[in-house]
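> Okay, here's the structure, questions in a sec.
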Amino acid sequence: MDESLSTKEMSWLLDRSAGSIREMIRSGEIEGVRLPGGFRVPRAEALRVARERIEAEAGRKLPDREIERLIDQVIATNEEREGLPARSS
């Protein structure tokens, strides 16, 4: 898992649009930073948000390593679907 995720990557995790993720960052619901190339969400924040979603939807707790593995899987699957080059780990 990278040190930060793009709004597109976060949208895949949360099943929302990238625009919705940007709005969530602007409203303070998700911690993120604005860079010249767009918003980025820190790794720790992506873990927090993913953990909350897993606990709410599946009703179970997972260790950070497992959540990171799931995040990597979601990103890799979506990149493959969109024909994007795989990220280097």
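For the structure tokens, the naming scheme is as follows: chains receive sequential letters (A, B, ...) according to their order of presentation, residues are indexed from 1 within each chain, and ligands are indexed from 1 in presentation order.
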Might you pull out every residue within 12 Å of Thr7 in chain A, with only C-alpha atoms counted and same-chain residues fewer than 3 positions away left off, and present them as a PyMOL selection string?
chain A and resi 4+10-26+30-35+37-42+46+75
> Please return, as a PyMOL selection string, all residues of chain A that DSSP assigns to strand (DSSP E) on the basis of the backbone.
chain A and resi 4-6+33-35+38-42
> Which is closer to Leu47 in chain A than all the others in A:Pro63, A:Asn78, A:Glu68, A:Glu29, using only C-alpha atoms?
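Of the candidates, the smallest distance to Leu47 in chain A is held by A:Glu68.
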> Of the candidates A:Ile71, A:Ala50, A:Leu84, A:Ala58, which one gets nearest to Asp2 in chain A if we count only C-alpha atoms?
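Smallest separation from Asp2 in chain A among the options: A:Ile71.
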> Give me the residues near Leu62 in chain A as number ranges by chain, where near means some atom within 9 Å (using only C-alpha atoms) and where sequence neighbours in that chain fewer than 6 positions away do not count.
A: 51, 54-55
> Please produce a file of the residues just selected, as a compact mmCIF listing (two decimals), in the first residue's frame, where the atoms kept are C-alpha atoms.

# COMPACT_ATOMS: atom_id res chain seq x y z
CA ARG A 51 -11.69 -0.37 8.86
CA ILE A 54 -15.52 -3.35 7.07
CA GLU A 55 -16.73 -3.21 10.67
> Mind checking DSSP for chain A and telling me the helix (DSSP H, G or I) residues as a short mmCIF file (atom, residue, chain, number, x, y, z; two decimals) with N, CA and C atoms, in the first residue's frame?

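For reference, part.cif as written:
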data_model
loop_
_atom_site.label_atom_id
_atom_site.label_comp_id
_atom_site.auth_asym_id
_atom_site.auth_seq_id
_atom_site.Cartn_x
_atom_site.Cartn_y
_atom_site.Cartn_z
N THR A 7 -7.92 10.13 -4.99
CA THR A 7 -9.37 10.12 -4.80
C THR A 7 -9.99 8.98 -5.61
N LYS A 8 -9.41 8.65 -6.74
CA LYS A 8 -9.92 7.52 -7.54
C LYS A 8 -9.76 6.22 -6.77
N GLU A 9 -8.59 6.00 -6.17
CA GLU A 9 -8.37 4.78 -5.39
C GLU A 9 -9.32 4.72 -4.19
N MET A 10 -9.52 5.85 -3.53
CA MET A 10 -10.46 5.89 -2.40
C MET A 10 -11.88 5.63 -2.87
N SER A 11 -12.21 6.10 -4.07
CA SER A 11 -13.56 5.87 -4.59
C SER A 11 -13.80 4.38 -4.79
N TRP A 12 -12.78 3.65 -5.21
CA TRP A 12 -12.91 2.20 -5.36
C TRP A 12 -13.14 1.54 -4.01
N LEU A 13 -12.46 2.03 -2.98
CA LEU A 13 -12.61 1.44 -1.64
C LEU A 13 -13.99 1.68 -1.05
N LEU A 14 -14.52 2.87 -1.29
CA LEU A 14 -15.78 3.25 -0.67
C LEU A 14 -16.99 3.11 -1.58
N ALA A 18 -15.11 9.66 -7.45
CA ALA A 18 -13.95 10.46 -7.03
C ALA A 18 -14.41 11.84 -6.58
N GLY A 19 -15.42 12.39 -7.25
CA GLY A 19 -15.97 13.69 -6.85
C GLY A 19 -16.55 13.66 -5.45
N SER A 20 -17.22 12.57 -5.10
CA SER A 20 -17.76 12.42 -3.73
C SER A 20 -16.64 12.37 -2.71
N ILE A 21 -15.56 11.70 -3.07
CA ILE A 21 -14.41 11.62 -2.16
C ILE A 21 -13.82 13.01 -1.96
N ARG A 22 -13.70 13.79 -3.04
CA ARG A 22 -13.19 15.17 -2.90
C ARG A 22 -14.09 15.98 -1.97
N GLU A 23 -15.40 15.82 -2.12
CA GLU A 23 -16.33 16.53 -1.23
C GLU A 23 -16.19 16.08 0.21
N MET A 24 -15.97 14.79 0.42
CA MET A 24 -15.77 14.28 1.78
C MET A 24 -14.49 14.85 2.39
N ILE A 25 -13.47 15.06 1.57
CA ILE A 25 -12.23 15.67 2.06
C ILE A 25 -12.49 17.13 2.40
N ARG A 26 -13.14 17.85 1.50
CA ARG A 26 -13.43 19.28 1.75
C ARG A 26 -14.28 19.48 3.00
N SER A 27 -15.22 18.57 3.25
CA SER A 27 -16.11 18.71 4.41
C SER A 27 -15.46 18.23 5.70
N ARG A 43 -2.15 7.23 4.08
CA ARG A 43 -2.31 5.80 4.32
C ARG A 43 -3.10 5.52 5.60
N ALA A 44 -2.74 6.19 6.68
CA ALA A 44 -3.42 5.95 7.96
C ALA A 44 -4.91 6.28 7.87
N GLU A 45 -5.24 7.31 7.12
CA GLU A 45 -6.64 7.69 6.97
C GLU A 45 -7.38 6.66 6.11
N ALA A 46 -6.73 6.17 5.06
CA ALA A 46 -7.34 5.13 4.22
C ALA A 46 -7.62 3.88 5.05
N LEU A 47 -6.68 3.53 5.92
CA LEU A 47 -6.88 2.38 6.82
C LEU A 47 -8.06 2.61 7.76
N ARG A 48 -8.15 3.81 8.32
CA ARG A 48 -9.25 4.13 9.24
C ARG A 48 -10.60 4.00 8.54
N VAL A 49 -10.70 4.59 7.36
CA VAL A 49 -11.96 4.58 6.62
C VAL A 49 -12.32 3.15 6.20
N ALA A 50 -11.33 2.41 5.71
CA ALA A 50 -11.58 1.02 5.30
C ALA A 50 -12.01 0.18 6.51
N ARG A 51 -11.35 0.38 7.65
CA ARG A 51 -11.69 -0.37 8.86
C ARG A 51 -13.14 -0.08 9.27
N GLU A 52 -13.52 1.19 9.24
CA GLU A 52 -14.90 1.56 9.60
C GLU A 52 -15.91 0.90 8.67
N ARG A 53 -15.60 0.87 7.37
CA ARG A 53 -16.53 0.27 6.41
C ARG A 53 -16.63 -1.24 6.64
N ILE A 54 -15.51 -1.90 6.84
CA ILE A 54 -15.52 -3.35 7.07
C ILE A 54 -16.29 -3.68 8.34
N GLU A 55 -16.04 -2.94 9.40
CA GLU A 55 -16.73 -3.21 10.67
C GLU A 55 -18.22 -2.96 10.54
N ALA A 56 -18.61 -1.90 9.82
CA ALA A 56 -20.03 -1.58 9.67
C ALA A 56 -20.75 -2.59 8.78
N GLU A 57 -20.10 -3.01 7.69
CA GLU A 57 -20.77 -3.88 6.73
C GLU A 57 -20.61 -5.36 7.05
N ALA A 58 -19.46 -5.76 7.56
CA ALA A 58 -19.22 -7.18 7.82
C ALA A 58 -19.35 -7.53 9.29
N ASP A 64 -4.53 -4.48 10.82
CA ASP A 64 -4.11 -3.54 9.78
C ASP A 64 -3.50 -4.23 8.57
N ARG A 65 -2.69 -5.26 8.79
CA ARG A 65 -2.05 -5.96 7.67
C ARG A 65 -3.08 -6.56 6.72
N GLU A 66 -4.13 -7.10 7.28
CA GLU A 66 -5.19 -7.69 6.46
C GLU A 66 -5.96 -6.60 5.70
N ILE A 67 -6.21 -5.49 6.37
CA ILE A 67 -6.90 -4.38 5.70
C ILE A 67 -6.04 -3.84 4.57
N GLU A 68 -4.74 -3.70 4.80
CA GLU A 68 -3.83 -3.24 3.75
C GLU A 68 -3.85 -4.20 2.56
N ARG A 69 -3.86 -5.49 2.84
CA ARG A 69 -3.92 -6.49 1.78
C ARG A 69 -5.21 -6.35 0.97
N LEU A 70 -6.33 -6.15 1.66
CA LEU A 70 -7.61 -5.97 0.97
C LEU A 70 -7.61 -4.69 0.12
N ILE A 71 -7.06 -3.61 0.67
CA ILE A 71 -6.98 -2.36 -0.08
C ILE A 71 -6.15 -2.57 -1.35
N ASP A 72 -5.01 -3.23 -1.21
CA ASP A 72 -4.17 -3.51 -2.39
C ASP A 72 -4.92 -4.34 -3.42
N GLN A 73 -5.70 -5.31 -2.97
CA GLN A 73 -6.47 -6.15 -3.89
C GLN A 73 -7.52 -5.33 -4.63
N VAL A 74 -8.23 -4.47 -3.91
CA VAL A 74 -9.27 -3.65 -4.53
C VAL A 74 -8.65 -2.73 -5.59
N ILE A 75 -7.54 -2.11 -5.25
CA ILE A 75 -6.87 -1.21 -6.19
C ILE A 75 -6.36 -1.98 -7.41
N ALA A 76 -5.71 -3.11 -7.19
CA ALA A 76 -5.17 -3.90 -8.31
C ALA A 76 -6.28 -4.38 -9.23
N THR A 77 -7.38 -4.84 -8.65
CA THR A 77 -8.51 -5.32 -9.45
C THR A 77 -9.08 -4.20 -10.32
N ASN A 78 -9.26 -3.03 -9.74
CA ASN A 78 -9.82 -1.90 -10.49
C ASN A 78 -8.86 -1.38 -11.54
N GLU A 79 -7.57 -1.36 -11.22
CA GLU A 79 -6.58 -0.93 -12.23
C GLU A 79 -6.58 -1.89 -13.41
N GLU A 80 -6.69 -3.18 -13.12
CA GLU A 80 -6.72 -4.17 -14.19
C GLU A 80 -7.96 -3.98 -15.06
N ARG A 81 -9.10 -3.76 -14.42
CA ARG A 81 -10.35 -3.53 -15.17
C ARG A 81 -10.26 -2.33 -16.09
#
